[in-house]
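Enquirer: Following this message is one structure expressed as structure tokens.
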Amino acid sequence: MGFKMGIVGLPNVGKSTLFNALTKTAAAQAANFPFCTIEPNVGDVAVPDARIDKLAELAGSKQIIPARMTFVDIAGLVKGASKGEGLGNQFLANIRETDAIAQVLRCFEDGDVTHVEGRVDPLADADTIETELMLADLESIEKRLVNIVRKVRGGDKEAVQQERLLKAAQAALEEGKPARTVEIDAEDARVWKNLQLLTTKPILYVCNVDEGSAATGNAHSQAVAKMAAEQGAAHVIISAQIEEEIAQLDADEAEMFLSEMGLEEAGLDRLIRAGYALLSLETYFTVGPKEARAWTIRAGTLAPQAAGVIHGDFERGFIRAETIAYDDYIALGGESAAKEAGKMRVEGKGYTVKDGDVLHFLFNA
């Protein structure tokens with residue numbers, strides 16, 4: 001399981017340039033005019049993780065299959081999108097299908113790149129996007145409340161639950177707060193998620209800075225960092241122009257380029273790490289002579305459900321899991337040595353998989 005992150009923002013903030021860099025394609029047309037991205041462009045990219053290379057080397061794996069994540073470059077939003085202005089309806093429909101939102105904010109000055117509002121103010125840009133999403137949610141909630149009246153009167157339990165949750169979200173939105181600020185009990189989590197409200201999605205602010213500010217940020221990105229901290233949200237600093245240049249280089253050239261720019265890693269790595277943290281995602285591995293493979297799960301996933309990420313039959317027929325912690329696997333030099341040292345454990349259905357676990361599942365077909 002990977003996850004799908006929507007890249008959103010006002011026109012001309014660098015969304016498509018960033019998308020091109022991250023996916024190493026030219027699938028999204030990056031041009032200096034609004035709505036150059038008409039349809040959502042989807043890019044499936046490998047999650048960089050040095051651990052899988054070390055595991056593959058020790059196991060003599062013929063193939064390395066990293067975890068994957070999906071970026072969706074969504075058409076630029078403008079004021080009035082919730083009422084269908086610009087490409088608002090498409091924007092809102094496409095973002096509804098994502099797990100999280102990477103909100104790209106323009107944190108660079110460049111007279112040659114026009115801003116749809118005629119100014120550079122990332123906090124105002126963020127407010128515009130959040131406001132449009134909140135207005136869209138309010139409209140959606142009002143329609144849904146009308147549509148479920150009859151079921152609620154008839155005593156339909158799920159309809160009653162939906163009404164309660166919709167009204168809780170409505171109250172928050174009317175106070176100017178996104179729906180994600182509503183505290184939800186575990187028993188309501190499934191229905192809450194199925195409501196698919198736009199403002200329940202986790203937010204990651206991406207500060208697109210000029211090349212000279214890529215390592216340390218600037219006044220604009222500092223303002224975004226303060227805003228994110230106040231919201232309990234995350235932020236990353238990226239120069240889309242630098243990422244686009246890196247995308248054209250081989251691994252050695254990219255490493256040298258990053259060093260010259262004073263950067264320890266590419267923006268893709270930082271963005272994925274922030275995205276994983278945002279959605280509480282972890283990685284476990286399956287390793288053998290044929291392949292070393294990384295699998296993505298949510299933190300707290302039990303062994304049978306982790307097995308189900310590979311195949312549904314693994315979950316349905318789960319018997320037990322044999323697991324070796326990544327550090328033990330590496331320190332002892334592989335599976336056989338780890339077994340001899342007593343570091344392989346046999347775990348049952350109640351085991352919570354840990355990040356970095358090397359797993360082998362036994363199941364009934």
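By convention here, the chains of the structure tokens are called A, B, ... in the order presented, each chain's residues are numbered starting at 1, and ligands are numbered starting at 1 in the order presented.
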Just want the 8 Å neighbourhood of segment 202-217 of chain A, counted on only C-alpha atoms, with same-chain residues fewer than 5 positions away dropped. Output as a PyMOL selection string.
Expert: chain A and resi 13-14+99-109+180+222+224+228+233-242+261-263+274-275+278-279
Enquirer: Measuring atom to atom with only C-alpha atoms, identify which of A:Pro66, A:Gly333, A:Gly6, A:Pro304 is nearest to Thr286 of chain A.
Expert: A:Pro66
Enquirer: Step one, run DSSP on the backbone; step two, keep only residues of segment 263-336 of chain A assigned to strand (DSSP E or B); then write them as a list in words.
Expert: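 These are the residues in question: Leu281, Glu282, Thr283, Tyr284, Phe285, Thr286, Val287, Glu291, Ala292, Arg293, Ala294, Trp295, Thr296, Ile297, Arg298, Leu302, Phe318, Ile319, Arg320, Ala321, Glu322, Thr323 and Ile324 of chain A.
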Enquirer: Can you list every residue in segment 30-274 of chain A that DSSP puts in alpha helix (DSSP H), as a PyMOL selection string?
Expert: chain A and resi 50-59+88-95+122-147+149-153+157-174+189-194+219-231+240-246+251-260+267-274
Enquirer: I'd like the interatomic distance between atom CA of Ala365 of chain A and atom CA of Phe314 of chain A, to a tenth of an Å.
Expert: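 For atom CA of Ala365 of chain A relative to atom CA of Phe314 of chain A, the distance reads 7.8 Å.
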Enquirer: Within 7 Å of segment 53-60 of chain A, counting only C-alpha atoms, which residues show up once you throw out same-chain ones fewer than 6 positions away? Write them as a ChimeraX atom specification, please.
Expert: /A:287-289,292,333-334
Enquirer: Those same residues, written as a PDB file, in the first residue's frame with all heavy atoms?
Expert:
ATOM      1  N   VAL A 287      12.247 -10.401   2.157  1.00  0.00           N
ATOM      2  CA  VAL A 287      13.583 -10.530   1.565  1.00  0.00           C
ATOM      3  C   VAL A 287      13.889 -11.981   1.224  1.00  0.00           C
ATOM      4  O   VAL A 287      13.642 -12.883   2.025  1.00  0.00           O
ATOM      5  CB  VAL A 287      14.661  -9.993   2.549  1.00  0.00           C
ATOM      6  CG1 VAL A 287      16.046 -10.050   1.898  1.00  0.00           C
ATOM      7  CG2 VAL A 287      14.344  -8.573   2.994  1.00  0.00           C
ATOM      8  N   GLY A 288      14.424 -12.203   0.037  1.00  0.00           N
ATOM      9  CA  GLY A 288      14.829 -13.533  -0.371  1.00  0.00           C
ATOM     10  C   GLY A 288      15.732 -13.454  -1.584  1.00  0.00           C
ATOM     11  O   GLY A 288      16.022 -12.361  -2.083  1.00  0.00           O
ATOM     12  N   PRO A 289      16.198 -14.594  -2.089  1.00  0.00           N
ATOM     13  CA  PRO A 289      17.099 -14.589  -3.248  1.00  0.00           C
ATOM     14  C   PRO A 289      16.450 -14.039  -4.513  1.00  0.00           C
ATOM     15  O   PRO A 289      17.125 -13.475  -5.374  1.00  0.00           O
ATOM     16  CB  PRO A 289      17.477 -16.066  -3.415  1.00  0.00           C
ATOM     17  CG  PRO A 289      16.402 -16.831  -2.694  1.00  0.00           C
ATOM     18  CD  PRO A 289      15.981 -15.956  -1.564  1.00  0.00           C
ATOM     19  N   ALA A 292      13.981  -8.427  -2.982  1.00  0.00           N
ATOM     20  CA  ALA A 292      13.830  -7.701  -1.722  1.00  0.00           C
ATOM     21  C   ALA A 292      12.763  -6.652  -1.997  1.00  0.00           C
ATOM     22  O   ALA A 292      12.887  -5.882  -2.958  1.00  0.00           O
ATOM     23  CB  ALA A 292      15.142  -7.049  -1.309  1.00  0.00           C
ATOM     24  N   GLY A 333      24.263 -10.059   9.752  1.00  0.00           N
ATOM     25  CA  GLY A 333      24.669 -10.478   8.416  1.00  0.00           C
ATOM     26  C   GLY A 333      23.673 -11.305   7.646  1.00  0.00           C
ATOM     27  O   GLY A 333      24.046 -12.051   6.734  1.00  0.00           O
ATOM     28  N   GLY A 334      22.400 -11.232   8.007  1.00  0.00           N
ATOM     29  CA  GLY A 334      21.398 -11.932   7.208  1.00  0.00           C
ATOM     30  C   GLY A 334      20.494 -12.841   8.020  1.00  0.00           C
ATOM     31  O   GLY A 334      20.604 -12.954   9.247  1.00  0.00           O
TER      32      GLY A 334
END
